[in-house]
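As provided, structure02.txt (compact mmCIF, C-alpha atoms) reads as follows.
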# COMPACT_ATOMS: atom_id res chain seq x y z
CA MET K 127 -85.76 72.20 75.98
CA THR K 128 -82.27 71.32 74.83
CA GLU K 129 -82.08 68.99 71.84
CA LYS K 130 -79.86 65.93 72.11
CA PRO K 131 -78.47 63.16 69.92
CA ASP K 132 -80.26 59.80 69.63
CA PHE K 133 -78.84 57.67 72.44
CA ALA K 134 -81.33 54.83 71.99
CA LYS K 135 -79.79 53.04 68.99
CA GLY K 136 -76.41 52.36 70.64
CA ASN K 137 -77.81 51.17 73.98
CA GLY K 138 -77.32 54.58 75.53
CA LEU K 139 -73.93 55.33 73.99
CA ILE K 140 -72.96 57.31 70.89
CA PRO K 141 -69.56 57.51 69.23
CA VAL K 142 -67.93 60.95 69.32
CA ILE K 143 -65.29 62.02 66.81
CA VAL K 144 -62.94 64.63 68.25
CA GLN K 145 -61.18 67.08 65.92
CA ASP K 146 -58.61 69.75 66.79
CA VAL K 147 -59.81 73.27 65.98
CA THR K 148 -56.31 74.48 65.05
CA SER K 149 -54.56 71.60 63.29
CA ARG K 150 -57.87 70.12 61.99
CA ARG K 151 -56.44 66.71 62.88
CA VAL K 152 -58.74 63.97 64.11
CA LEU K 153 -57.60 63.36 67.69
CA MET K 154 -59.61 60.40 68.96
CA LEU K 155 -62.88 58.53 68.99
CA ALA K 156 -64.69 58.37 72.32
CA TYR K 157 -68.22 57.63 73.55
CA MET K 158 -70.84 59.69 75.37
CA ASN K 159 -73.92 58.68 77.29
CA GLU K 160 -76.61 61.23 78.02
CA THR K 161 -74.96 62.38 81.24
CA ALA K 162 -71.64 62.96 79.47
CA TRP K 163 -73.49 64.95 76.79
CA THR K 164 -75.25 67.12 79.40
CA ARG K 165 -72.04 67.77 81.32
CA THR K 166 -70.26 68.70 78.09
CA VAL K 167 -73.02 71.15 77.12
CA GLU K 168 -73.10 72.67 80.62
CA THR K 169 -69.35 73.02 81.19
CA GLY K 170 -67.93 73.46 77.67
CA LEU K 171 -65.38 70.75 78.48
CA ALA K 172 -65.53 67.34 76.80
CA HIS K 173 -66.89 64.57 79.04
CA TYR K 174 -67.11 60.95 77.89
CA TRP K 175 -68.25 57.56 79.07
CA SER K 176 -65.37 55.18 79.57
CA ARG K 177 -66.43 51.74 78.36
CA SER K 178 -63.43 50.06 79.98
CA ARG K 179 -63.87 51.71 83.39
CA ASN K 180 -67.67 52.00 83.18
CA ALA K 181 -67.49 55.55 84.45
CA LEU K 182 -68.16 59.13 83.48
CA TRP K 183 -64.89 60.75 82.50
CA LEU K 184 -63.84 64.37 82.21
CA LYS K 185 -61.17 64.21 79.51
CA GLY K 186 -57.97 65.51 81.11
CA GLU K 187 -59.04 64.95 84.70
CA THR K 188 -55.80 63.03 85.41
CA SER K 189 -53.46 64.46 82.78
CA GLY K 190 -54.72 68.04 82.71
CA HIS K 191 -55.16 67.61 78.96
CA VAL K 192 -58.69 68.97 78.82
CA GLN K 193 -60.64 69.62 75.63
CA LYS K 194 -62.46 72.96 75.40
CA VAL K 195 -65.41 72.58 73.03
CA HIS K 196 -65.60 75.02 70.10
CA ALA K 197 -68.39 73.40 68.09
CA MET K 198 -70.53 70.26 68.08
CA TYR K 199 -72.16 68.63 65.08
CA VAL K 200 -74.53 65.68 64.76
CA ASP K 201 -74.66 63.41 61.71
CA CYS K 202 -77.59 62.69 59.39
CA ASP K 203 -78.72 59.74 61.53
CA ALA K 204 -78.40 61.81 64.75
CA ASP K 205 -76.45 58.95 66.35
CA THR K 206 -72.85 60.17 65.96
CA LEU K 207 -71.25 63.40 67.15
CA LEU K 208 -68.34 65.41 65.83
CA ILE K 209 -66.88 67.82 68.36
CA VAL K 210 -64.24 70.39 67.47
CA VAL K 211 -62.03 71.19 70.44
CA GLU K 212 -59.11 73.20 71.69
CA GLN K 213 -56.85 70.46 73.05
CA SER K 214 -54.55 71.22 76.01
CA GLY K 215 -51.38 69.14 75.83
CA ALA K 216 -52.10 66.07 73.73
CA ALA K 217 -55.11 63.81 73.20
CA CYS K 218 -53.52 60.37 73.39
CA HIS K 219 -52.65 58.70 76.69
CA GLU K 220 -49.60 57.25 74.96
CA GLY K 221 -48.16 60.74 74.62
CA TYR K 222 -49.02 61.55 71.01
CA ALA K 223 -50.96 64.59 69.79
CA SER K 224 -53.54 62.27 68.19
CA CYS K 225 -54.53 58.70 68.98
CA PHE K 226 -54.15 58.05 65.23
CA PHE K 227 -50.34 58.13 65.26
CA ARG K 228 -49.83 54.90 63.30
CA ARG K 229 -50.16 55.01 59.54
CA PHE K 230 -50.76 52.00 57.30
CA GLU K 231 -47.77 51.73 54.96
CA ASN K 232 -46.36 48.75 53.08
CA GLY K 233 -48.85 46.42 54.72
CA ALA K 234 -48.19 47.46 58.32
CA PHE K 235 -49.11 50.15 60.86
CA GLN K 236 -46.04 52.33 61.41
CA VAL K 237 -45.62 55.09 63.99
CA ALA K 238 -45.72 58.27 61.92
CA GLU K 239 -44.90 61.00 64.47
CA GLU K 240 -43.05 61.91 67.64
CA ARG K 241 -44.43 61.86 71.16
CA VAL K 242 -45.49 65.23 72.65
CA PHE K 243 -45.16 64.07 76.27
CA ASP K 244 -43.83 61.13 78.26
CA PRO K 245 -46.78 59.09 79.61
CA LYS K 246 -44.70 57.93 82.60
CA GLU K 247 -44.30 61.54 83.71
CA VAL K 248 -47.97 62.45 83.27
CA TYR K 249 -49.72 59.33 84.61
CA LYS K 250 -47.92 58.66 87.87
CA ALA K 251 -49.11 55.94 90.21
CA MET N 222 -48.54 39.18 55.84
CA THR N 223 -50.61 42.33 55.87
CA GLU N 224 -51.34 43.79 59.28
CA LYS N 225 -54.93 44.58 60.15
CA PRO N 226 -56.92 46.37 62.85
CA ASP N 227 -58.39 44.47 65.82
CA PHE N 228 -61.82 43.31 64.68
CA ALA N 229 -62.43 41.07 67.71
CA LYS N 230 -63.48 43.69 70.28
CA GLY N 231 -66.43 45.04 68.29
CA ASN N 232 -67.86 41.66 67.25
CA GLY N 233 -66.14 41.83 63.89
CA LEU N 234 -66.81 45.51 63.20
CA ILE N 235 -64.66 48.60 63.73
CA PRO N 236 -65.72 52.24 63.46
CA VAL N 237 -64.06 54.19 60.64
CA ILE N 238 -63.74 57.97 60.70
CA VAL N 239 -63.59 59.43 57.19
CA GLN N 240 -61.80 62.75 56.61
CA ASP N 241 -61.52 64.75 53.38
CA VAL N 242 -57.91 65.16 52.22
CA THR N 243 -58.54 68.63 50.77
CA SER N 244 -60.98 70.38 53.10
CA ARG N 245 -59.82 68.36 56.15
CA ARG N 246 -63.50 68.12 57.13
CA VAL N 247 -64.77 65.00 58.84
CA LEU N 248 -67.20 63.50 56.33
CA MET N 249 -68.83 60.54 58.06
CA LEU N 250 -68.49 57.64 60.44
CA ALA N 251 -68.88 54.18 58.95
CA TYR N 252 -68.00 50.60 59.90
CA MET N 253 -65.74 47.96 58.37
CA ASN N 254 -65.57 44.24 58.86
CA GLU N 255 -62.47 42.34 57.80
CA THR N 256 -63.72 41.83 54.24
CA ALA N 257 -64.41 45.56 53.83
CA TRP N 258 -60.90 46.28 55.15
CA THR N 259 -59.31 43.83 52.69
CA ARG N 260 -61.28 45.19 49.73
CA THR N 261 -60.32 48.75 50.70
CA VAL N 262 -56.62 47.83 50.89
CA GLU N 263 -56.77 45.93 47.59
CA THR N 264 -58.74 48.49 45.56
CA GLY N 265 -57.83 51.83 47.15
CA LEU N 266 -61.56 52.64 47.31
CA ALA N 267 -63.40 52.79 50.63
CA HIS N 268 -65.59 49.75 51.33
CA TYR N 269 -67.76 49.50 54.43
CA TRP N 270 -70.13 47.15 56.16
CA SER N 271 -73.67 48.45 56.21
CA ARG N 272 -75.20 47.63 59.58
CA SER N 273 -78.72 48.50 58.37
CA ARG N 274 -78.53 46.43 55.19
CA ASN N 275 -76.18 43.77 56.58
CA ALA N 276 -74.10 43.92 53.44
CA LEU N 277 -70.68 44.83 52.13
CA TRP N 278 -70.87 48.25 50.56
CA LEU N 279 -68.59 50.05 48.12
CA LYS N 280 -69.13 53.70 49.06
CA GLY N 281 -70.50 55.38 45.94
CA GLU N 282 -71.70 52.21 44.23
CA THR N 283 -75.17 53.77 43.71
CA SER N 284 -74.37 57.50 43.72
CA GLY N 285 -70.96 57.40 42.04
CA HIS N 286 -69.61 59.31 45.05
CA VAL N 287 -66.63 57.05 45.65
CA GLN N 288 -63.87 57.71 48.16
CA LYS N 289 -60.31 57.24 46.95
CA VAL N 290 -58.10 56.42 49.93
CA HIS N 291 -55.05 58.64 50.50
CA ALA N 292 -54.00 57.41 53.94
CA MET N 293 -55.20 55.10 56.70
CA TYR N 294 -54.40 55.37 60.40
CA VAL N 295 -55.20 53.12 63.34
CA ASP N 296 -55.69 54.40 66.89
CA CYS N 297 -53.76 53.48 70.05
CA ASP N 298 -56.18 50.64 70.83
CA ALA N 299 -56.04 49.35 67.23
CA ASP N 300 -59.83 49.18 67.14
CA THR N 301 -60.71 52.40 65.29
CA LEU N 302 -59.60 53.58 61.85
CA LEU N 303 -59.15 57.04 60.42
CA ILE N 304 -59.10 57.13 56.65
CA VAL N 305 -58.25 60.24 54.65
CA VAL N 306 -59.99 60.24 51.28
CA GLU N 307 -60.52 62.10 48.07
CA GLN N 308 -64.31 62.36 47.96
CA SER N 309 -66.11 62.41 44.60
CA GLY N 310 -69.32 64.44 44.80
CA ALA N 311 -70.43 64.49 48.42
CA ALA N 312 -70.31 62.06 51.33
CA CYS N 313 -73.82 62.36 52.73
CA HIS N 314 -76.80 60.59 51.14
CA GLU N 315 -78.89 63.63 52.09
CA GLY N 316 -76.90 65.72 49.61
CA TYR N 317 -74.47 67.49 51.92
CA ALA N 318 -70.67 67.47 51.61
CA SER N 319 -70.41 65.99 55.11
CA CYS N 320 -72.86 63.95 57.18
CA PHE N 321 -72.13 66.42 60.00
CA PHE N 322 -74.12 69.27 58.48
CA ARG N 323 -76.07 70.15 61.63
CA ARG N 324 -74.39 72.26 64.27
CA PHE N 325 -75.47 72.53 67.90
CA GLU N 326 -76.42 76.16 68.54
CA ASN N 327 -78.69 77.73 71.16
CA GLY N 328 -79.71 74.30 72.41
CA ALA N 329 -80.66 72.79 69.04
CA PHE N 330 -79.09 71.14 65.99
CA GLN N 331 -79.35 73.61 63.09
CA VAL N 332 -78.49 72.95 59.45
CA ALA N 333 -75.24 74.87 58.92
CA GLU N 334 -74.59 74.51 55.20
CA GLU N 335 -76.14 74.16 51.75
CA ARG N 336 -76.76 70.91 49.87
CA VAL N 337 -74.23 69.96 47.18
CA PHE N 338 -76.65 67.69 45.28
CA ASP N 339 -80.34 66.81 45.23
CA PRO N 340 -80.80 63.30 46.71
CA LYS N 341 -83.92 62.74 44.58
CA GLU N 342 -81.85 63.15 41.42
CA VAL N 343 -79.02 60.87 42.55
CA TYR N 344 -80.92 58.03 44.23
CA LYS N 345 -83.64 57.21 41.73
CA ALA N 346 -85.96 54.27 42.27
Please render this file's structure as structure tokens.
Amino acid sequence: MTEKPDFAKGNGLIPVIVQDVTSRRVLMLAYMNETAWTRTVETGLAHYWSRSRNALWLKGETSGHVQKVHAMYVDCDADTLLIVVEQSGAACHEGYASCFFRRFENGAFQVAEERVFDPKEVYKA
Amino acid sequence: MTEKPDFAKGNGLIPVIVQDVTSRRVLMLAYMNETAWTRTVETGLAHYWSRSRNALWLKGETSGHVQKVHAMYVDCDADTLLIVVEQSGAACHEGYASCFFRRFENGAFQVAEERVFDPKEVYKA
């Protein structure tokens, strides 16, 4: 039987840290439920649970910016995942390589990098 | 006035991803409330909110394994932090450099590295 993280503590959801295999940058934090975990294991592509849309979500299903899983780690409490991925395109829906594109400097969060794509071109109505 | 992350969405708590400035490894996931955030900004040492102990927590206050903050980033939704730290000793209370010391392989989570310290020696009664 396949082992799995502990989904019970977070009411069925666990936080998932996503790191780029090449740049080693942290790309985003997302959440998985057990179905998202199973789909990720079966397909090798990162699937999450969208808390805002209340829906299973293949990362990149709209943008094409899929995440191919290279490795998955669980933490000491078994309730948080770290997945190392090969990111197509960029992780952030705002067009940046990482969702963490604002750095805290001089008491404020300042955009610290350039966009990789134009969100208006990628997410068309 | 100093800007701060959005603590409202998570009932006063935000998840904080901690990355090592040298190895670039992800060390742990912790949580901050607004007081922990303010203390971290003021002291340059990572402070968290312990959800199990319901208490403010200077990382390393027992073990000496403090985290000196090099950079802090906020994500696109302003409700998750990434902090890049210089880690003294090791991050994980189980004695490993990172809390993510178990890798998913052949359907199970397998310990993928050696301990850096002996928890019994560091956390004495």
Show me a table, sorted first by chain and then by increasing residue number, of the residues of chain N having an atom at most 8 Å from chain K, each with its shortest atom pair and the distance in Å to one decimal, counting only C-alpha atoms and written as JSON lines.
{"residue": "N:Met222", "atom": "CA", "partner": "K:Gly233", "partner_atom": "CA", "distance": 7.3}
{"residue": "N:Thr223", "atom": "CA", "partner": "K:Gly233", "partner_atom": "CA", "distance": 4.6}
{"residue": "N:Glu224", "atom": "CA", "partner": "K:Ala234", "partner_atom": "CA", "distance": 4.9}
{"residue": "N:Lys225", "atom": "CA", "partner": "K:Ala234", "partner_atom": "CA", "distance": 7.6}
{"residue": "N:Ile238", "atom": "CA", "partner": "K:Ile143", "partner_atom": "CA", "distance": 7.5}
{"residue": "N:Arg245", "atom": "CA", "partner": "K:Arg150", "partner_atom": "CA", "distance": 6.4}
{"residue": "N:Arg246", "atom": "CA", "partner": "K:Arg150", "partner_atom": "CA", "distance": 7.7}
{"residue": "N:Val247", "atom": "CA", "partner": "K:Leu208", "partner_atom": "CA", "distance": 7.9}
{"residue": "N:Met249", "atom": "CA", "partner": "K:Asp201", "partner_atom": "CA", "distance": 7.5}
{"residue": "N:Leu250", "atom": "CA", "partner": "K:Thr206", "partner_atom": "CA", "distance": 7.5}
{"residue": "N:Ala292", "atom": "CA", "partner": "K:Phe230", "partner_atom": "CA", "distance": 7.1}
{"residue": "N:Met293", "atom": "CA", "partner": "K:Phe230", "partner_atom": "CA", "distance": 5.4}
{"residue": "N:Tyr294", "atom": "CA", "partner": "K:Arg229", "partner_atom": "CA", "distance": 4.3}
{"residue": "N:Val295", "atom": "CA", "partner": "K:Phe226", "partner_atom": "CA", "distance": 5.4}
{"residue": "N:Asp296", "atom": "CA", "partner": "K:Phe226", "partner_atom": "CA", "distance": 4.3}
{"residue": "N:Cys297", "atom": "CA", "partner": "K:Cys225", "partner_atom": "CA", "distance": 5.4}
{"residue": "N:Thr301", "atom": "CA", "partner": "K:Leu155", "partner_atom": "CA", "distance": 7.5}
{"residue": "N:Leu302", "atom": "CA", "partner": "K:Phe226", "partner_atom": "CA", "distance": 7.8}
{"residue": "N:Leu303", "atom": "CA", "partner": "K:Phe226", "partner_atom": "CA", "distance": 7.0}
{"residue": "N:Cys313", "atom": "CA", "partner": "K:Cys202", "partner_atom": "CA", "distance": 7.7}
{"residue": "N:Glu315", "atom": "CA", "partner": "K:Cys202", "partner_atom": "CA", "distance": 7.5}
{"residue": "N:Cys320", "atom": "CA", "partner": "K:Asp201", "partner_atom": "CA", "distance": 4.9}
{"residue": "N:Phe321", "atom": "CA", "partner": "K:Asp201", "partner_atom": "CA", "distance": 4.3}
{"residue": "N:Phe322", "atom": "CA", "partner": "K:Asp201", "partner_atom": "CA", "distance": 6.7}
{"residue": "N:Arg323", "atom": "CA", "partner": "K:Tyr199", "partner_atom": "CA", "distance": 5.4}
{"residue": "N:Arg324", "atom": "CA", "partner": "K:Tyr199", "partner_atom": "CA", "distance": 4.3}
{"residue": "N:Phe325", "atom": "CA", "partner": "K:Met198", "partner_atom": "CA", "distance": 5.4}
{"residue": "N:Gly328", "atom": "CA", "partner": "K:Thr128", "partner_atom": "CA", "distance": 4.6}
{"residue": "N:Ala329", "atom": "CA", "partner": "K:Glu129", "partner_atom": "CA", "distance": 4.9}
{"residue": "N:Phe330", "atom": "CA", "partner": "K:Glu129", "partner_atom": "CA", "distance": 6.9}
(request) One decimal, Å: what's the distance from atom CA of Gln308 of chain N over to atom CA of Lys289 of chain N, could you say? (result) 6.6 Å
(request) Using all atoms listed in the file, find the one residue out of N:Glu307, N:Glu282, N:Glu255, N:Asp300 that sits nearest to Asp241 of chain N. (result)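 Comparing N:Glu307, N:Glu282, N:Glu255, N:Asp300 against Asp241 of chain N, the winner is N:Glu307.
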What residues have an atom no more than 7 Å from (-75.0, 57.8, 74.4) in the file's own frame, counting only C-alpha atoms, and can you write them as a short mmCIF file (atom, residue, chain, number, x, y, z; two decimals) with C-alpha atoms, in the frame of the given file?
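Written file, selection_33.cif:
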data_model
loop_
_atom_site.label_atom_id
_atom_site.label_comp_id
_atom_site.auth_asym_id
_atom_site.auth_seq_id
_atom_site.Cartn_x
_atom_site.Cartn_y
_atom_site.Cartn_z
CA PHE K 133 -78.84 57.67 72.44
CA GLY K 136 -76.41 52.36 70.64
CA GLY K 138 -77.32 54.58 75.53
CA LEU K 139 -73.93 55.33 73.99
CA ILE K 140 -72.96 57.31 70.89
CA TYR K 157 -68.22 57.63 73.55
CA MET K 158 -70.84 59.69 75.37
CA ASN K 159 -73.92 58.68 77.29
CA GLU K 160 -76.61 61.23 78.02
#
(request) Go through N:Tyr269, N:Thr264, N:His286, N:Lys230 one by one, measure the shortest atom-to-atom distance of each to Ala318 of chain N using all atoms listed in the file, and give the residue with the smallest value. (result)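 That would be N:His286, the residue with the smallest distance to Ala318 of chain N.
Comparing K:Val195, K:Thr148, K:Val210, K:Leu171 by their smallest distance to Trp183 of chain K, the closest is K:Leu171 (using all atoms listed in the file).
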Taking N, CA and C atoms as the atom set, what does segment 181-208 of chain K look like once completed, written as a PDB file, keeping the file's coordinate frame?
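Result file is selection01.pdb:
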ATOM      1  N   ALA K 181     -67.389  54.353  83.609  1.00  0.00           N
ATOM      2  CA  ALA K 181     -67.490  55.550  84.450  1.00  0.00           C
ATOM      3  C   ALA K 181     -67.519  56.794  83.586  1.00  0.00           C
ATOM      4  N   LEU K 182     -68.187  57.822  84.104  1.00  0.00           N
ATOM      5  CA  LEU K 182     -68.160  59.130  83.480  1.00  0.00           C
ATOM      6  C   LEU K 182     -66.733  59.669  83.605  1.00  0.00           C
ATOM      7  N   TRP K 183     -66.293  60.413  82.601  1.00  0.00           N
ATOM      8  CA  TRP K 183     -64.890  60.750  82.500  1.00  0.00           C
ATOM      9  C   TRP K 183     -64.761  62.156  81.924  1.00  0.00           C
ATOM     10  N   LEU K 184     -64.216  63.061  82.740  1.00  0.00           N
ATOM     11  CA  LEU K 184     -63.840  64.370  82.210  1.00  0.00           C
ATOM     12  C   LEU K 184     -62.484  64.190  81.543  1.00  0.00           C
ATOM     13  N   LYS K 185     -62.442  64.361  80.229  1.00  0.00           N
ATOM     14  CA  LYS K 185     -61.170  64.210  79.510  1.00  0.00           C
ATOM     15  C   LYS K 185     -60.153  65.192  80.101  1.00  0.00           C
ATOM     16  N   GLY K 186     -59.013  64.667  80.523  1.00  0.00           N
ATOM     17  CA  GLY K 186     -57.970  65.510  81.110  1.00  0.00           C
ATOM     18  C   GLY K 186     -58.007  65.569  82.622  1.00  0.00           C
ATOM     19  N   GLU K 187     -58.919  64.818  83.250  1.00  0.00           N
ATOM     20  CA  GLU K 187     -59.040  64.950  84.700  1.00  0.00           C
ATOM     21  C   GLU K 187     -57.778  64.455  85.416  1.00  0.00           C
ATOM     22  N   THR K 188     -57.079  63.482  84.840  1.00  0.00           N
ATOM     23  CA  THR K 188     -55.800  63.030  85.410  1.00  0.00           C
ATOM     24  C   THR K 188     -54.625  63.785  84.814  1.00  0.00           C
ATOM     25  N   SER K 189     -54.620  63.912  83.491  1.00  0.00           N
ATOM     26  CA  SER K 189     -53.460  64.460  82.780  1.00  0.00           C
ATOM     27  C   SER K 189     -53.447  65.983  82.717  1.00  0.00           C
ATOM     28  N   GLY K 190     -54.603  66.600  82.939  1.00  0.00           N
ATOM     29  CA  GLY K 190     -54.720  68.040  82.710  1.00  0.00           C
ATOM     30  C   GLY K 190     -54.959  68.389  81.247  1.00  0.00           C
ATOM     31  N   HIS K 191     -55.001  67.368  80.388  1.00  0.00           N
ATOM     32  CA  HIS K 191     -55.160  67.610  78.960  1.00  0.00           C
ATOM     33  C   HIS K 191     -56.633  67.718  78.576  1.00  0.00           C
ATOM     34  N   VAL K 192     -57.265  68.782  79.058  1.00  0.00           N
ATOM     35  CA  VAL K 192     -58.690  68.970  78.820  1.00  0.00           C
ATOM     36  C   VAL K 192     -58.954  69.396  77.375  1.00  0.00           C
ATOM     37  N   GLN K 193     -60.203  69.239  76.980  1.00  0.00           N
ATOM     38  CA  GLN K 193     -60.640  69.620  75.630  1.00  0.00           C
ATOM     39  C   GLN K 193     -61.758  70.654  75.758  1.00  0.00           C
ATOM     40  N   LYS K 194     -61.468  71.881  75.366  1.00  0.00           N
ATOM     41  CA  LYS K 194     -62.460  72.960  75.400  1.00  0.00           C
ATOM     42  C   LYS K 194     -63.262  72.900  74.086  1.00  0.00           C
ATOM     43  N   VAL K 195     -64.557  72.792  74.206  1.00  0.00           N
ATOM     44  CA  VAL K 195     -65.410  72.580  73.030  1.00  0.00           C
ATOM     45  C   VAL K 195     -65.626  73.890  72.263  1.00  0.00           C
ATOM     46  N   HIS K 196     -65.339  73.863  70.964  1.00  0.00           N
ATOM     47  CA  HIS K 196     -65.600  75.020  70.100  1.00  0.00           C
ATOM     48  C   HIS K 196     -66.897  74.852  69.315  1.00  0.00           C
ATOM     49  N   ALA K 197     -67.173  73.636  68.860  1.00  0.00           N
ATOM     50  CA  ALA K 197     -68.390  73.400  68.090  1.00  0.00           C
ATOM     51  C   ALA K 197     -68.756  71.925  68.189  1.00  0.00           C
ATOM     52  N   MET K 198     -70.057  71.646  68.063  1.00  0.00           N
ATOM     53  CA  MET K 198     -70.530  70.260  68.080  1.00  0.00           C
ATOM     54  C   MET K 198     -71.488  70.063  66.913  1.00  0.00           C
ATOM     55  N   TYR K 199     -71.328  68.953  66.232  1.00  0.00           N
ATOM     56  CA  TYR K 199     -72.160  68.630  65.080  1.00  0.00           C
ATOM     57  C   TYR K 199     -72.743  67.224  65.264  1.00  0.00           C
ATOM     58  N   VAL K 200     -73.939  67.014  64.727  1.00  0.00           N
ATOM     59  CA  VAL K 200     -74.530  65.680  64.760  1.00  0.00           C
ATOM     60  C   VAL K 200     -74.670  65.200  63.311  1.00  0.00           C
ATOM     61  N   ASP K 201     -74.598  63.897  63.096  1.00  0.00           N
ATOM     62  CA  ASP K 201     -74.660  63.410  61.710  1.00  0.00           C
ATOM     63  C   ASP K 201     -76.116  63.203  61.260  1.00  0.00           C
ATOM     64  N   CYS K 202     -76.259  62.805  60.002  1.00  0.00           N
ATOM     65  CA  CYS K 202     -77.590  62.690  59.390  1.00  0.00           C
ATOM     66  C   CYS K 202     -78.491  61.718  60.138  1.00  0.00           C
ATOM     67  N   ASP K 203     -77.924  60.705  60.765  1.00  0.00           N
ATOM     68  CA  ASP K 203     -78.720  59.740  61.530  1.00  0.00           C
ATOM     69  C   ASP K 203     -78.917  60.161  62.988  1.00  0.00           C
ATOM     70  N   ALA K 204     -78.299  61.272  63.389  1.00  0.00           N
ATOM     71  CA  ALA K 204     -78.400  61.810  64.750  1.00  0.00           C
ATOM     72  C   ALA K 204     -77.845  60.854  65.808  1.00  0.00           C
ATOM     73  N   ASP K 205     -76.983  59.912  65.383  1.00  0.00           N
ATOM     74  CA  ASP K 205     -76.450  58.950  66.350  1.00  0.00           C
ATOM     75  C   ASP K 205     -74.917  58.981  66.431  1.00  0.00           C
ATOM     76  N   THR K 206     -74.304  59.989  65.857  1.00  0.00           N
ATOM     77  CA  THR K 206     -72.850  60.170  65.960  1.00  0.00           C
ATOM     78  C   THR K 206     -72.570  61.656  66.097  1.00  0.00           C
ATOM     79  N   LEU K 207     -71.633  61.999  66.979  1.00  0.00           N
ATOM     80  CA  LEU K 207     -71.250  63.400  67.150  1.00  0.00           C
ATOM     81  C   LEU K 207     -69.863  63.660  66.596  1.00  0.00           C
ATOM     82  N   LEU K 208     -69.674  64.882  66.141  1.00  0.00           N
ATOM     83  CA  LEU K 208     -68.340  65.410  65.830  1.00  0.00           C
ATOM     84  C   LEU K 208     -68.172  66.618  66.730  1.00  0.00           C
TER      85      LEU K 208
END
